[in-house]
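Here the structure is laid out as structure tokens; the discussion comes afterwards.
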Amino acid sequence: MMTFTPHGKHLIAGAWVGGGAVFRSEPAHGPVHEFSVGTVDLVNRACEAAEDAFWSYGYLSREARAAFLEAIAD
């Protein structure tokens, strides 16, 4: 069972960031949540962070990447 409660921000390079505008979810059941609207700037920042992360993560051994993914799964 998933216990994460959305908080409406974007995780970019290890930091939770939000923009000025928000939108509300419209679920058929359950609570409504507010989310930060993704902007071109936020997408660009996320893409740059992903590319930077590739140079460290992408060259790790298979074992190190597997351990990282297993830690996330736990």
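Each chain of the structure tokens is named A, B, ... in the order shown, its residues numbered from 1; ligands are numbered from 1 in display order.
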
### Message
Would you pick out the contacts of Ala46 in chain A at 9 Å or less, using only C-alpha atoms, so that residues sharing its chain but fewer than 5 positions from it are not included, and give the list as a list in words?
### Response
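Those residues are His10, Leu11, Ile12, Ala13, Asp41 and Glu51 of chain A.
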
Please list as a tab-separated table (two decimals) with all heavy atoms, in the first residue's frame every residue within 12 Å of Leu69 in chain A, counting only C-alpha atoms and excluding residues in the same chain fewer than 6 positions away.
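Generated output (selection.tsv):
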chain	number	residue	atom	x	y	z
A	57	TYR	N	25.75	8.62	-12.00
A	57	TYR	CA	24.98	7.38	-11.87
A	57	TYR	C	25.22	6.45	-13.06
A	57	TYR	O	25.37	5.25	-12.89
A	57	TYR	CB	23.50	7.70	-11.74
A	57	TYR	CG	22.62	6.49	-11.59
A	57	TYR	CD1	22.49	5.88	-10.35
A	57	TYR	CD2	21.93	5.95	-12.67
A	57	TYR	CE1	21.69	4.76	-10.19
A	57	TYR	CE2	21.13	4.83	-12.53
A	57	TYR	CZ	21.01	4.24	-11.29
A	57	TYR	OH	20.24	3.13	-11.15
A	62	ARG	N	27.06	-2.12	-12.28
A	62	ARG	CA	25.71	-2.69	-12.25
A	62	ARG	C	25.28	-2.97	-10.82
A	62	ARG	O	24.14	-2.76	-10.44
A	62	ARG	CB	25.66	-3.99	-13.04
A	62	ARG	CG	25.72	-3.81	-14.51
A	62	ARG	CD	25.54	-5.16	-15.18
A	62	ARG	NE	25.94	-5.06	-16.56
A	62	ARG	CZ	26.12	-6.11	-17.35
A	62	ARG	NH1	25.96	-7.32	-16.87
A	62	ARG	NH2	26.46	-5.93	-18.59
A	63	GLU	N	26.23	-3.47	-10.02
A	63	GLU	CA	25.92	-3.81	-8.64
A	63	GLU	C	25.52	-2.56	-7.84
A	63	GLU	O	24.57	-2.59	-7.05
A	63	GLU	CB	27.12	-4.49	-7.97
A	63	GLU	CG	27.44	-5.85	-8.55
A	63	GLU	CD	28.20	-5.81	-9.88
A	63	GLU	OE1	28.76	-4.74	-10.24
A	63	GLU	OE2	28.22	-6.84	-10.56

### Message
Can you tell me, as a ChimeraX atom specification, which residues in chain A count as strand (DSSP E) by DSSP?
### Response
/A:10-12,15-17,22-24,34-36

For the residues in the current selection, export N, CA and C atoms as a tab-separated table (two decimals), in the first residue's frame.
chain	number	residue	atom	x	y	z
A	10	HIS	N	7.74	19.74	-7.23
A	10	HIS	CA	8.55	18.96	-8.15
A	10	HIS	C	9.91	18.71	-7.49
A	11	LEU	N	10.42	17.48	-7.61
A	11	LEU	CA	11.75	17.15	-7.09
A	11	LEU	C	12.75	17.35	-8.22
A	12	ILE	N	13.60	18.36	-8.08
A	12	ILE	CA	14.61	18.68	-9.10
A	12	ILE	C	15.96	18.79	-8.41
A	15	ALA	N	15.98	18.88	-4.61
A	15	ALA	CA	15.24	19.94	-3.92
A	15	ALA	C	13.79	19.93	-4.37
A	16	TRP	N	12.87	20.12	-3.43
A	16	TRP	CA	11.45	20.24	-3.75
A	16	TRP	C	11.18	21.68	-4.14
A	17	VAL	N	10.75	21.89	-5.37
A	17	VAL	CA	10.49	23.25	-5.85
A	17	VAL	C	9.07	23.35	-6.39
A	22	VAL	N	-0.83	26.88	-9.20
A	22	VAL	CA	-1.16	25.52	-8.78
A	22	VAL	C	-2.47	25.09	-9.45
A	23	PHE	N	-2.68	23.78	-9.48
A	23	PHE	CA	-3.96	23.25	-9.93
A	23	PHE	C	-4.39	22.18	-8.93
A	24	ARG	N	-5.67	21.93	-8.88
A	24	ARG	CA	-6.22	20.93	-7.95
A	24	ARG	C	-6.58	19.67	-8.71
A	34	GLU	N	-3.43	19.80	-4.20
A	34	GLU	CA	-2.95	20.87	-5.08
A	34	GLU	C	-1.55	20.54	-5.55
A	35	PHE	N	-1.28	20.85	-6.82
A	35	PHE	CA	0.01	20.57	-7.43
A	35	PHE	C	0.54	21.83	-8.09
A	36	SER	N	1.83	22.00	-8.03
A	36	SER	CA	2.49	23.11	-8.70
A	36	SER	C	2.47	22.86	-10.21

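Interatomic distance, CA of Ala21 in chain A against CA of Leu42 in chain A: 12.4 Å.
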
### Task
Please return as a ChimeraX atom specification: the residues of chain A that backbone DSSP assigns to alpha helix (DSSP H).
/A:40-57,62-73

### Query
Which value, in Å to one decimal, gives the distance between CA of Asn44 in chain A and CA of Ile72 in chain A?
24.7 Å

### Message
Can you measure CA of Gly20 in chain A to CA of Thr39 in chain A for me? One decimal in Å is fine.
### Response
9.7 Å

### Task
For His33 in chain A, work out the shell of residues within 12 Å, counting only C-alpha atoms and skipping chain neighbours fewer than 6 positions away, then give it as a ChimeraX atom specification.
/A:5-9,22-27
